[in-house]
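What follows is a single structure, written as structure tokens, with notes after it.
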Amino acid sequence: MTAKLIRNAYEAGLTMTAVLLSWGAALVLEGAAGLHTDVLVLAVALTLTLASSQRTADTRRRLMSLVVLPVTAAASIFVGRLLASHYAAGAAVYTAGMALAIWIRRYGPLATKAGTLLALPLVALLVVPGPALPPEAQSGLVTWGWSALVGLMACCSVWLVQALGDRFGPWRAAPAPEPPPRPSRLHPRPSSRMAVQMAAAIAAAFTLGHLLFDDHWPWVVLTAYVAASGNRGRTDVLRKGIERLAGACVGTFLAAGVAEAGVTGRTAVALMFTTLAIALWLRPLTYAYWAAGMTCALSLLLGYFGQDALHLLPTRLEGIAVGAVLSVASAWWLLPVPRRRAAARPGVRAGAESL
């Protein structure tokens, strides 16, 4: 266990170094181009979610990320604008994009990696979407061109830090071997079943999230996505839903203490990065640690943007509970994936479990 914690700390250090490098570059870009703080959030979210999927990537996969991620990051901005102006249409496009990212995995490992890169900016969009910001902050949101540049910076930051870590660090991450092709006798295929389940869970999350929580719908959608991603069967989705809810409860109490202490400004930003680092370190032990850290960090972030984080904590927990229930219901009763087939096909995992 000690050796595992030491290795986890090293990997978390690499990820946070890449995050801070990307954040620093975005900070310079923000000042030079007169952008909004939203560009910093996008840089951190993309780098954080990209780091884990690129840790064992070979050169071909890294080059693909340099092309695909900036393009999808730019496209996600249009989805965000559509959600803000025409919620139903935006929700439909978002749902279709997430389902497509899973469905295309039927075409092999390269398509699986492309699907993961397609999903990352859409997940990042849920961290601080335009409609969730105060009205005075919505006018200066980052545009598609700057988003593409931020996506490129995130790729370069992850690539640089991980390459230096492999060159000079105590551990080297070897590229993960591609799983041998195993034609599935299941019809519809596991990837098709998972795409349908994801679409159903996210569509229901958008609907109930807007009806029950108004502009705070992202908590429902994000939880529905996280619990359903990497679906290895009914039990796996149920476990992740419970762990996310339990971790969010702990994170809620932590965030309440921070809010009560009146932490703001640069201190809040430093505490947010510290919380993320600790959560990354403990995440391999159980997902609940990551859920707790993310809930606390996002509370600090929303407080930085002017929201009353303490007042919104009960709403946040309710949204997380609803999203978890929707994912579990979809996985259990809509084209369920048999556990033995899901376990035998690691290539069908959603691959974007970073949030």
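Simple scheme: letters A, B, ... for chains in structure tokens order, numbers from 1 for residues in each chain, numbers from 1 for ligands in the order shown.
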>> So that I can see what lies close to stretch 288-291 of chain A, please list as a ChimeraX atom specification the residues with an atom at most 10 Å from it, counting only C-alpha atoms and leaving out residues fewer than 2 positions away in the same chain.
In response: /A:223,240-251,275-286,293-297,354-355
Pull C-alpha atoms from the residues just selected and write them as a compact mmCIF listing (two decimals), in the first residue's frame.
# COMPACT_ATOMS: atom_id res chain seq x y z
CA THR A 223 -23.24 12.81 -12.62
CA LYS A 240 -19.87 4.40 -9.23
CA GLY A 241 -23.18 6.11 -8.59
CA ILE A 242 -22.96 5.32 -4.87
CA GLU A 243 -19.30 6.34 -4.66
CA ARG A 244 -19.96 9.65 -6.41
CA LEU A 245 -22.88 10.43 -4.11
CA ALA A 246 -20.91 9.47 -0.98
CA GLY A 247 -17.88 11.47 -2.09
CA ALA A 248 -20.06 14.45 -2.94
CA CYS A 249 -21.55 14.38 0.57
CA VAL A 250 -18.06 14.53 2.10
CA GLY A 251 -17.03 17.23 -0.36
CA THR A 275 -7.69 19.89 -3.15
CA LEU A 276 -7.38 18.61 -6.72
CA ALA A 277 -3.86 17.32 -6.05
CA ILE A 278 -4.96 15.39 -2.96
CA ALA A 279 -7.99 13.98 -4.77
CA LEU A 280 -5.79 12.85 -7.68
CA TRP A 281 -3.41 11.18 -5.25
CA LEU A 282 -6.16 9.18 -3.51
CA ARG A 283 -8.37 8.53 -6.52
CA PRO A 284 -6.86 5.12 -7.47
CA LEU A 285 -7.89 3.82 -4.03
CA THR A 286 -11.57 4.59 -4.62
CA GLY A 293 -12.27 16.56 -3.98
CA MET A 294 -14.04 17.62 -7.17
CA THR A 295 -17.16 18.70 -5.27
CA CYS A 296 -15.09 20.83 -2.91
CA ALA A 297 -12.96 22.29 -5.72
CA SER A 354 -11.59 11.87 -15.25
CA LEU A 355 -14.59 13.75 -13.88
>> Just to confirm, what's the straight-line distance from atom CA of A:Ala324 to atom CA of A:Val19 in Å (one decimal)?
In response: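 Value for the atom CA of A:Ala324-atom CA of A:Val19 distance: 28.0 Å.
Non-sequential neighbours of A:Leu100 (distance at most 9 Å, separation of 4 or more positions within a chain, only C-alpha atoms) are Thr95, Ala96, Ile104, Arg105, Gly115, Leu118 and Ala195 of chain A.
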Atoms kept (N, CA, C and O atoms) for selection, written as a short mmCIF file (atom, residue, chain, number, x, y, z; two decimals), in the first residue's frame:
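Result file follows (selection_8.cif):
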data_model
loop_
_atom_site.label_atom_id
_atom_site.label_comp_id
_atom_site.auth_asym_id
_atom_site.auth_seq_id
_atom_site.Cartn_x
_atom_site.Cartn_y
_atom_site.Cartn_z
N THR A 95 -26.35 15.50 -26.27
CA THR A 95 -26.64 14.08 -26.08
C THR A 95 -26.17 13.25 -27.26
O THR A 95 -25.56 12.18 -27.09
N ALA A 96 -26.42 13.74 -28.46
CA ALA A 96 -25.99 13.02 -29.66
C ALA A 96 -24.47 12.93 -29.73
O ALA A 96 -23.92 11.88 -30.11
N ILE A 104 -18.94 4.99 -31.87
CA ILE A 104 -17.90 4.80 -32.89
C ILE A 104 -16.82 3.83 -32.44
O ILE A 104 -15.99 3.41 -33.25
N ARG A 105 -16.83 3.41 -31.19
CA ARG A 105 -15.82 2.46 -30.72
C ARG A 105 -15.92 1.11 -31.39
O ARG A 105 -15.00 0.31 -31.33
N GLY A 115 -13.06 8.87 -30.00
CA GLY A 115 -14.27 9.08 -29.22
C GLY A 115 -13.99 9.67 -27.86
O GLY A 115 -14.72 10.55 -27.38
N LEU A 118 -13.30 13.28 -28.34
CA LEU A 118 -14.54 13.98 -28.66
C LEU A 118 -15.31 14.30 -27.39
O LEU A 118 -15.92 15.37 -27.26
N ALA A 195 -23.97 3.25 -25.84
CA ALA A 195 -24.33 4.55 -26.44
C ALA A 195 -25.79 4.87 -26.19
O ALA A 195 -26.14 6.01 -25.87
#
>> Let me make sure I understand: among A:His311, A:Lys113, A:Arg60, A:Arg234, which one has the smallest atom-to-atom distance to A:Ser330 if we use only C-alpha atoms?
In response: A:Arg234
> Excluding same-chain residues fewer than 5 positions from A:Tyr225, what lies within 8 Å of it counting only C-alpha atoms, as an MDAnalysis selection string?
Replying inline: chainID A and resid 198 201:202 327
Next, the residues of the selection above should be written as a short mmCIF file (atom, residue, chain, number, x, y, z; two decimals), in the first residue's frame with C-alpha atoms.
data_model
loop_
_atom_site.label_atom_id
_atom_site.label_comp_id
_atom_site.auth_asym_id
_atom_site.auth_seq_id
_atom_site.Cartn_x
_atom_site.Cartn_y
_atom_site.Cartn_z
CA MET A 198 -25.66 7.08 -22.22
CA ALA A 201 -29.40 8.91 -19.11
CA ILE A 202 -28.11 12.27 -20.38
CA SER A 327 -27.62 6.36 -14.87
#
Counting only C-alpha atoms, which residues in stretch 239-320 of chain A sit no more than 12 Å from stretch 24-42 of chain A? For each one, give the nearest pair of atoms and the distance in Å, sorted by chain then residue number, as JSON lines.
{"residue": "A:Val269", "atom": "CA", "partner": "A:Val41", "partner_atom": "CA", "distance": 11.2}
{"residue": "A:Met272", "atom": "CA", "partner": "A:Val41", "partner_atom": "CA", "distance": 11.8}
{"residue": "A:Phe273", "atom": "CA", "partner": "A:Val41", "partner_atom": "CA", "distance": 11.9}
{"residue": "A:Ala297", "atom": "CA", "partner": "A:Val41", "partner_atom": "CA", "distance": 11.7}
{"residue": "A:Leu298", "atom": "CA", "partner": "A:Val41", "partner_atom": "CA", "distance": 10.4}
{"residue": "A:Leu301", "atom": "CA", "partner": "A:Val41", "partner_atom": "CA", "distance": 8.7}
{"residue": "A:Leu302", "atom": "CA", "partner": "A:Val41", "partner_atom": "CA", "distance": 10.7}
{"residue": "A:Tyr304", "atom": "CA", "partner": "A:Thr37", "partner_atom": "CA", "distance": 10.0}
{"residue": "A:Phe305", "atom": "CA", "partner": "A:Thr37", "partner_atom": "CA", "distance": 8.9}
Once you have the residues from the selection above, write them out as a PDB file, in the first residue's frame, restricted to N, CA, C and O atoms.
ATOM      1  N   VAL A 269      -8.102  29.996  -4.850  1.00  0.00           N
ATOM      2  CA  VAL A 269      -7.511  29.338  -6.024  1.00  0.00           C
ATOM      3  C   VAL A 269      -6.441  28.347  -5.591  1.00  0.00           C
ATOM      4  O   VAL A 269      -6.387  27.203  -6.074  1.00  0.00           O
ATOM      5  N   MET A 272      -8.030  25.375  -4.076  1.00  0.00           N
ATOM      6  CA  MET A 272      -8.661  24.548  -5.100  1.00  0.00           C
ATOM      7  C   MET A 272      -7.646  23.608  -5.743  1.00  0.00           C
ATOM      8  O   MET A 272      -7.886  22.407  -5.888  1.00  0.00           O
ATOM      9  N   PHE A 273      -6.465  24.138  -6.109  1.00  0.00           N
ATOM     10  CA  PHE A 273      -5.435  23.289  -6.700  1.00  0.00           C
ATOM     11  C   PHE A 273      -4.917  22.258  -5.695  1.00  0.00           C
ATOM     12  O   PHE A 273      -4.628  21.109  -6.061  1.00  0.00           O
ATOM     13  N   ALA A 297     -13.653  21.374  -4.814  1.00  0.00           N
ATOM     14  CA  ALA A 297     -12.960  22.291  -5.725  1.00  0.00           C
ATOM     15  C   ALA A 297     -13.943  23.096  -6.577  1.00  0.00           C
ATOM     16  O   ALA A 297     -13.763  24.304  -6.777  1.00  0.00           O
ATOM     17  N   LEU A 298     -14.982  22.442  -7.074  1.00  0.00           N
ATOM     18  CA  LEU A 298     -15.955  23.152  -7.892  1.00  0.00           C
ATOM     19  C   LEU A 298     -16.761  24.149  -7.070  1.00  0.00           C
ATOM     20  O   LEU A 298     -17.174  25.192  -7.576  1.00  0.00           O
ATOM     21  N   LEU A 301     -14.634  27.084  -6.977  1.00  0.00           N
ATOM     22  CA  LEU A 301     -14.632  27.732  -8.281  1.00  0.00           C
ATOM     23  C   LEU A 301     -15.901  28.561  -8.495  1.00  0.00           C
ATOM     24  O   LEU A 301     -15.840  29.711  -8.924  1.00  0.00           O
ATOM     25  N   LEU A 302     -17.055  27.973  -8.182  1.00  0.00           N
ATOM     26  CA  LEU A 302     -18.307  28.700  -8.356  1.00  0.00           C
ATOM     27  C   LEU A 302     -18.389  29.888  -7.406  1.00  0.00           C
ATOM     28  O   LEU A 302     -18.945  30.933  -7.745  1.00  0.00           O
ATOM     29  N   TYR A 304     -15.820  31.608  -6.558  1.00  0.00           N
ATOM     30  CA  TYR A 304     -14.954  32.597  -7.194  1.00  0.00           C
ATOM     31  C   TYR A 304     -15.716  33.374  -8.270  1.00  0.00           C
ATOM     32  O   TYR A 304     -15.482  34.559  -8.492  1.00  0.00           O
ATOM     33  N   PHE A 305     -16.646  32.692  -8.955  1.00  0.00           N
ATOM     34  CA  PHE A 305     -17.443  33.340  -9.985  1.00  0.00           C
ATOM     35  C   PHE A 305     -18.640  34.105  -9.430  1.00  0.00           C
ATOM     36  O   PHE A 305     -19.427  34.647 -10.189  1.00  0.00           O
TER      37      PHE A 305
END
